[in-house]
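Text of the file start.pdb, holding PDB, C-alpha atoms:
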ATOM      1  CA  MET A   9       0.000   0.000   0.000
ATOM      2  CA  ALA A  10       2.807   2.403   0.906
ATOM      3  CA  ALA A  11       4.588   1.624  -2.366
ATOM      4  CA  TYR A  12       1.379   2.244  -4.322
ATOM      5  CA  TYR A  13       0.845   5.576  -2.554
ATOM      6  CA  ALA A  14       4.435   6.660  -3.235
ATOM      7  CA  CYS A  15       4.033   5.722  -6.901
ATOM      8  CA  TYR A  16       0.766   7.678  -7.088
ATOM      9  CA  GLN A  17       2.422  10.726  -5.559
ATOM     10  CA  GLY A  18       5.218  10.539  -8.092
ATOM     11  CA  VAL A  19       2.835  10.296 -11.048
ATOM     12  CA  PHE A  20       0.667  13.127  -9.722
ATOM     13  CA  SER A  21       3.740  15.313  -9.157
ATOM     14  CA  CYS A  22       4.873  14.732 -12.741
ATOM     15  CA  TYR A  23       1.379  15.592 -13.966
ATOM     16  CA  LEU A  24       1.363  18.884 -12.044
ATOM     17  CA  LYS A  25       4.783  19.809 -13.429
ATOM     18  CA  ARG A  26       3.527  19.109 -16.938
ATOM     19  CA  VAL A  27       0.476  21.292 -16.382
ATOM     20  CA  ASP A  28       2.647  24.103 -14.994
ATOM     21  CA  PHE A  29       4.931  23.829 -18.030
ATOM     22  CA  MET A  30       1.967  24.080 -20.414
ATOM     23  CA  ILE A  31       0.637  27.135 -18.562
ATOM     24  CA  ASP A  32       4.081  28.767 -18.689
ATOM     25  CA  GLU A  33       4.375  28.098 -22.405
ATOM     26  CA  LEU A  34       0.937  29.615 -23.020
ATOM     27  CA  LEU A  35       1.857  32.742 -21.061
ATOM     28  CA  VAL A  36       5.142  33.067 -22.933
ATOM     29  CA  LYS A  37       3.376  32.805 -26.289
ATOM     30  CA  LYS A  38       0.991  35.551 -25.232
ATOM     31  CA  ALA A  39       3.871  37.715 -23.995
ATOM     32  CA  VAL A  40       5.762  37.209 -27.259
ATOM     33  CA  ASN A  41       2.674  38.506 -29.064
ATOM     34  CA  GLY A  42       2.673  41.661 -26.956
ATOM     35  CA  ASP A  43       0.410  40.705 -24.034
ATOM     36  CA  ALA A  44       1.785  42.814 -21.157
ATOM     37  CA  ALA A  45      -0.460  41.121 -18.582
ATOM     38  CA  ALA A  46       0.979  37.721 -19.494
ATOM     39  CA  PHE A  47       4.511  39.031 -19.093
ATOM     40  CA  LEU A  48       3.587  40.499 -15.713
ATOM     41  CA  LYS A  49       2.382  37.056 -14.559
ATOM     42  CA  LEU A  50       5.642  35.511 -15.725
ATOM     43  CA  SER A  51       7.690  38.154 -13.947
ATOM     44  CA  LYS A  52       5.862  37.504 -10.665
ATOM     45  CA  GLN A  53       6.431  33.779 -11.079
ATOM     46  CA  TYR A  54      10.158  34.151 -11.699
ATOM     47  CA  GLN A  55      10.813  37.040  -9.295
ATOM     48  CA  GLN A  56      12.036  34.996  -6.326
ATOM     49  CA  PRO A  57      14.072  32.392  -8.267
ATOM     50  CA  LEU A  58      15.846  35.151 -10.172
ATOM     51  CA  TYR A  59      16.479  37.103  -6.993
ATOM     52  CA  ARG A  60      18.048  34.044  -5.328
ATOM     53  CA  THR A  61      20.280  33.617  -8.334
ATOM     54  CA  ALA A  62      21.306  37.271  -8.308
ATOM     55  CA  MET A  63      22.054  37.097  -4.589
ATOM     56  CA  GLY A  64      24.199  34.041  -5.217
ATOM     57  CA  MET A  65      26.112  35.904  -7.897
ATOM     58  CA  LEU A  66      26.353  39.299  -6.210
ATOM     59  CA  GLY A  67      25.882  38.730  -2.471
ATOM     60  CA  ASN A  68      24.304  42.144  -2.047
ATOM     61  CA  GLU A  69      20.566  42.831  -1.744
ATOM     62  CA  HIS A  70      20.629  46.190  -3.506
ATOM     63  CA  ASP A  71      22.681  44.972  -6.467
ATOM     64  CA  ALA A  72      20.638  41.764  -6.697
ATOM     65  CA  ALA A  73      17.366  43.699  -6.836
ATOM     66  CA  ASP A  74      18.782  46.032  -9.494
ATOM     67  CA  ALA A  75      20.026  43.086 -11.562
ATOM     68  CA  VAL A  76      16.616  41.392 -11.477
ATOM     69  CA  GLN A  77      14.830  44.607 -12.424
ATOM     70  CA  ASP A  78      17.251  45.216 -15.303
ATOM     71  CA  ALA A  79      16.806  41.619 -16.480
ATOM     72  CA  PHE A  80      13.024  41.922 -16.538
ATOM     73  CA  LEU A  81      13.196  45.228 -18.403
ATOM     74  CA  LYS A  82      15.476  43.780 -21.053
ATOM     75  CA  ALA A  83      13.337  40.640 -21.303
ATOM     76  CA  TYR A  84      10.201  42.738 -21.775
ATOM     77  CA  ARG A  85      11.849  44.771 -24.537
ATOM     78  CA  ASP A  86      13.275  41.740 -26.343
ATOM     79  CA  ILE A  87      10.699  38.994 -25.777
ATOM     80  CA  GLY A  88       9.295  39.528 -29.255
ATOM     81  CA  LYS A  89      12.613  38.136 -30.553
ATOM     82  CA  LEU A  90      12.239  34.867 -28.630
ATOM     83  CA  ARG A  91      11.795  32.173 -31.267
ATOM     84  CA  ASP A  92      11.004  29.190 -29.050
ATOM     85  CA  PRO A  93       8.684  29.783 -26.051
ATOM     86  CA  ARG A  94      10.012  26.562 -24.475
ATOM     87  CA  GLN A  95      13.390  28.282 -24.082
ATOM     88  CA  PHE A  96      11.999  31.219 -22.107
ATOM     89  CA  ARG A  97      13.385  30.056 -18.750
ATOM     90  CA  SER A  98      16.945  29.577 -19.965
ATOM     91  CA  TRP A  99      16.728  32.786 -22.017
ATOM     92  CA  LEU A 100      15.599  34.787 -18.987
ATOM     93  CA  TYR A 101      18.294  33.339 -16.734
ATOM     94  CA  ARG A 102      20.915  34.092 -19.388
ATOM     95  CA  ILE A 103      19.861  37.750 -19.391
ATOM     96  CA  LEU A 104      20.134  37.852 -15.588
ATOM     97  CA  ILE A 105      23.518  36.117 -15.458
ATOM     98  CA  ASN A 106      24.929  38.485 -18.080
ATOM     99  CA  ARG A 107      23.686  41.469 -16.084
ATOM    100  CA  CYS A 108      25.235  40.083 -12.893
ATOM    101  CA  ILE A 109      28.550  39.600 -14.682
ATOM    102  CA  ASP A 110      28.419  43.215 -15.867
ATOM    103  CA  ILE A 111      27.891  44.386 -12.279
ATOM    104  CA  LEU A 112      30.764  42.219 -11.002
ATOM    105  CA  ARG A 113      33.093  43.650 -13.622
ATOM    106  CA  GLN A 114      32.043  47.179 -12.744
ATOM    107  CA  ARG A 115      32.837  46.436  -9.098
ATOM    108  CA  ARG A 116      36.244  45.078  -9.995
ATOM    109  CA  ARG A 117      37.142  48.282 -11.792
ATOM    110  CA  THR A 118      36.335  50.318  -8.688
ATOM    111  CA  THR A 119      37.226  47.874  -5.878
ATOM    112  CA  PRO A 120      40.562  46.010  -5.928
ATOM    113  CA  VAL A 121      39.352  43.238  -3.610
ATOM    114  CA  GLU A 122      35.693  42.330  -3.686
ATOM    115  CA  ARG A 123      34.174  42.150  -0.209
ATOM    116  CA  VAL A 124      30.555  43.070  -0.880
ATOM    117  CA  TRP A 125      29.507  39.633   0.350
ATOM    118  CA  LEU A 126      30.678  40.534   3.833
ATOM    119  CA  SER A 127      28.873  43.861   4.071
ATOM    120  CA  ASP A 128      25.448  42.392   4.792
ATOM    121  CA  PRO A 129      24.570  40.955   8.208
ATOM    122  CA  VAL A 130      24.201  37.187   8.316
ATOM    123  CA  GLU A 131      21.131  35.894  10.112
ATOM    124  CA  ASN A 132      21.665  33.648  13.145
ATOM    125  CA  ASN A 133      25.435  34.067  12.793
ATOM    126  CA  ILE A 134      25.806  30.784  10.893
ATOM    127  CA  GLU A 135      29.541  30.557  10.308
ATOM    128  CA  SER A 136      29.310  27.878   7.626
ATOM    129  CA  ARG A 137      27.038  30.111   5.540
ATOM    130  CA  VAL A 138      29.518  32.957   5.872
ATOM    131  CA  ASP A 139      32.380  30.692   4.802
ATOM    132  CA  ILE A 140      30.511  29.456   1.754
ATOM    133  CA  SER A 141      29.513  32.995   0.770
ATOM    134  CA  GLN A 142      33.097  34.161   1.076
ATOM    135  CA  ALA A 143      34.372  31.202  -0.912
ATOM    136  CA  VAL A 144      31.869  31.632  -3.748
ATOM    137  CA  ALA A 145      32.726  35.343  -3.867
ATOM    138  CA  GLU A 146      36.340  34.387  -4.598
ATOM    139  CA  LEU A 147      35.405  32.617  -7.838
ATOM    140  CA  ASP A 148      35.520  34.433 -11.160
ATOM    141  CA  GLU A 149      32.269  35.260 -12.915
ATOM    142  CA  GLN A 150      32.019  32.192 -15.147
ATOM    143  CA  HIS A 151      32.704  29.659 -12.418
ATOM    144  CA  ARG A 152      30.509  31.494  -9.932
ATOM    145  CA  ALA A 153      27.611  31.369 -12.389
ATOM    146  CA  VAL A 154      27.916  27.589 -12.779
ATOM    147  CA  VAL A 155      27.975  27.038  -9.014
ATOM    148  CA  VAL A 156      25.029  29.359  -8.370
ATOM    149  CA  LEU A 157      22.846  27.817 -11.078
ATOM    150  CA  ARG A 158      23.699  24.259 -10.048
ATOM    151  CA  PHE A 159      23.345  24.591  -6.282
ATOM    152  CA  PHE A 160      21.245  27.711  -5.680
ATOM    153  CA  GLN A 161      18.682  26.879  -8.394
ATOM    154  CA  ASP A 162      19.223  23.105  -8.566
ATOM    155  CA  MET A 163      19.541  23.251 -12.338
ATOM    156  CA  LYS A 164      20.595  20.245 -14.354
ATOM    157  CA  ILE A 165      23.832  20.404 -16.302
ATOM    158  CA  ASP A 166      21.981  20.489 -19.635
ATOM    159  CA  ASP A 167      19.870  23.443 -18.472
ATOM    160  CA  ILE A 168      22.946  25.326 -17.268
ATOM    161  CA  ALA A 169      24.511  24.815 -20.687
ATOM    162  CA  LEU A 170      21.429  26.397 -22.273
ATOM    163  CA  VAL A 171      21.514  29.353 -19.880
ATOM    164  CA  LEU A 172      25.223  30.010 -20.387
ATOM    165  CA  ASN A 173      25.096  29.167 -24.101
ATOM    166  CA  CYS A 174      28.047  26.800 -23.908
ATOM    167  CA  PRO A 175      28.656  23.048 -24.379
ATOM    168  CA  VAL A 176      27.721  20.601 -21.629
ATOM    169  CA  GLY A 177      31.365  19.568 -21.388
ATOM    170  CA  THR A 178      32.364  23.150 -20.641
ATOM    171  CA  VAL A 179      29.792  23.356 -17.828
ATOM    172  CA  LYS A 180      31.069  20.110 -16.305
ATOM    173  CA  SER A 181      34.672  21.298 -16.532
ATOM    174  CA  ARG A 182      33.907  24.668 -14.931
ATOM    175  CA  LEU A 183      31.867  23.022 -12.181
ATOM    176  CA  TYR A 184      34.638  20.541 -11.411
ATOM    177  CA  ARG A 185      37.295  23.279 -11.174
ATOM    178  CA  ALA A 186      34.987  25.540  -9.154
ATOM    179  CA  LEU A 187      34.153  22.831  -6.599
ATOM    180  CA  LYS A 188      37.808  21.883  -6.321
ATOM    181  CA  LYS A 189      38.753  25.491  -5.591
ATOM    182  CA  LEU A 190      35.853  25.939  -3.149
ATOM    183  CA  LYS A 191      37.026  22.875  -1.239
ATOM    184  CA  LEU A 192      40.515  24.334  -0.996
ATOM    185  CA  LEU A 193      39.210  27.710   0.141
ATOM    186  CA  LEU A 194      36.902  26.229   2.769
ATOM    187  CA  THR A 195      39.643  24.067   4.254
ATOM    188  CA  LYS A 196      42.345  26.724   4.378
ATOM    189  CA  ASP A 197      43.414  27.390   7.953
ATOM    190  CA  SER A 198      44.461  30.924   7.183
ATOM    191  CA  GLY A 199      41.007  31.954   5.903
ATOM    192  CA  LEU A 200      40.012  33.677   2.686
ATOM    193  CA  GLY A 201      41.735  36.612   1.164
ATOM    194  CA  GLY A 202      43.515  38.062  -1.816
ATOM    195  CA  GLU A 203      42.325  38.623  -5.327
ATOM    196  CA  PRO A 204      39.386  36.739  -6.868
ATOM    197  CA  VAL A 205      40.442  33.230  -7.787
ATOM    198  CA  ASP A 206      41.331  32.600 -11.429
ATOM    199  CA  LEU A 207      40.354  29.101 -12.511
ATOM    200  CA  CYS A 208      41.132  29.442 -16.199
TER     201      CYS A 208
END

Represent the structure from my file as structure tokens, please.
Amino acid sequence: MAAYYACYQGVFSCYLKRVDFMIDELLVKKAVNGDAAAFLKLSKQYQQPLYRTAMGMLGNEHDAADAVQDAFLKAYRDIGKLRDPRQFRSWLYRILINRCIDILRQRRRTTPVERVWLSDPVENNIESRVDISQAVAELDEQHRAVVVLRFFQDMKIDDIALVLNCPVGTVKSRLYRALKKLKLLLTKDSGLGGEPVDLC
């Protein structure tokens, strides 16, 4: 009986995901055809996931909010150019990631050592969360993006490749090097410091 119930839950969950996907695709098609209300519904649906991604990339609430707003504005202007509504999610995330990378590069031109991650208070003083935030902040833009999409958004490798517009093998390689460097940073006795880590 328990096995039957678990199987039923799995089938029902898959059905709901399929329905959600069909609704998303319908909204995207309407938005592509100039329906502003449909785009507004999509923006509300993706607001929090995009914000989490931007926070993972930027580590700063103000910059993350600006990046999400800029991404939505660009998406609204350019959605008429979207050829395949099924690619809306990866297309939208690509816009956001590119905007986050622009912000990170602007920071680097004005701040020799990036420490924006440490400027915000950390709730409950969870040291492990601080360490991880510091470590991710040490990665360059490309490797940070792979880590954030994989672990902050739980994206599959194939989906990350679509977002970043690069081969699956490149995503796997970047993820491997990023995780290797994160492990080194998190186990260093002397703590984090210095210039952003170059994994190329």

* For the structure provided, state which residues fall under the PyMOL selection byres ((chain A and resi 110) around 12), and present them as a ChimeraX atom specification. => /A:62,65-66,71,74-75,78-79,103-109,111-117,149-150

* Near-Ile165 in chain A list (12 Å; only C-alpha atoms; drop same-chain fewer than 5 positions) as a PyMOL selection string -> chain A and resi 154-155+157-159+170-184

For range 71-77 of chain A, what centre and edge lengths in Å (one decimal) does the axis-aligned box get once 6 Å is added on each side of all its listed atoms, as lines of an AutoDock Vina configuration file?
center_x = 18.8
center_y = 43.7
center_z = -9.4
size_x = 19.9
size_y = 16.6
size_z = 18.0

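A straight line drawn from CA of His70 in chain A to CA of Leu187 in chain A is 27.2 Å long.
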
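Taking CA of Gly67 in chain A as the reference point, CA of Ala145 in chain A is found at 7.8 Å.
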
* Distance in Å - CA of Glu69 in chain A versus CA of Arg85 in chain A ->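 Calculated distance between CA of Glu69 in chain A and CA of Arg85 in chain A is 24.5 Å.
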
* Could you expand the PyMOL selection byres ((chain A and resi 42) around 12) into the explicit residues it covers here, written as a PyMOL selection string? => chain A and resi 35-41+43-48+84-90

Just the selected residues (C-alpha atoms), exported as a short mmCIF file (atom, residue, chain, number, x, y, z; two decimals), in the frame of the given file, please.
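File out_10.cif, as written:
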data_model
loop_
_atom_site.label_atom_id
_atom_site.label_comp_id
_atom_site.auth_asym_id
_atom_site.auth_seq_id
_atom_site.Cartn_x
_atom_site.Cartn_y
_atom_site.Cartn_z
CA LEU A 35 1.86 32.74 -21.06
CA VAL A 36 5.14 33.07 -22.93
CA LYS A 37 3.38 32.80 -26.29
CA LYS A 38 0.99 35.55 -25.23
CA ALA A 39 3.87 37.72 -24.00
CA VAL A 40 5.76 37.21 -27.26
CA ASN A 41 2.67 38.51 -29.06
CA ASP A 43 0.41 40.70 -24.03
CA ALA A 44 1.78 42.81 -21.16
CA ALA A 45 -0.46 41.12 -18.58
CA ALA A 46 0.98 37.72 -19.49
CA PHE A 47 4.51 39.03 -19.09
CA LEU A 48 3.59 40.50 -15.71
CA TYR A 84 10.20 42.74 -21.78
CA ARG A 85 11.85 44.77 -24.54
CA ASP A 86 13.28 41.74 -26.34
CA ILE A 87 10.70 38.99 -25.78
CA GLY A 88 9.30 39.53 -29.26
CA LYS A 89 12.61 38.14 -30.55
CA LEU A 90 12.24 34.87 -28.63
#

* Asked: So which residues touch Val144 in chain A within 9 Å, counting only C-alpha atoms, skipping near sequence neighbours fewer than 3 positions away, as number ranges by chain?
  -> A: 64-65, 139-141, 147-148, 151-152, 155-156, 186, 190

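You can rank A:Ala83, A:Lys49, A:Pro57, A:Ala72 by their closest distance to Met163 in chain A using only C-alpha atoms, and at the top of that list sits A:Pro57.
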
* Counting all atoms listed in the file, the option among A:Arg102, A:Arg60, A:Leu34, A:Ala143 closest to Lys188 in chain A ->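 Going through A:Arg102, A:Arg60, A:Leu34, A:Ala143 one by one, the smallest distance to Lys188 in chain A is for A:Ala143.
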
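Using all atoms listed in the file for every distance, the candidate list A:Ala169, A:Val76, A:Asn68, A:Ala153 yields A:Ala169 as the residue closest to Ser98 in chain A.
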
* Asked: Which one of A:Phe80, A:Asp162, A:Asp167, A:Lys189 sits closest to Glu146 in chain A if you count all atoms listed in the file?
  ->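 Closest to Glu146 in chain A, using all atoms listed in the file: A:Lys189.
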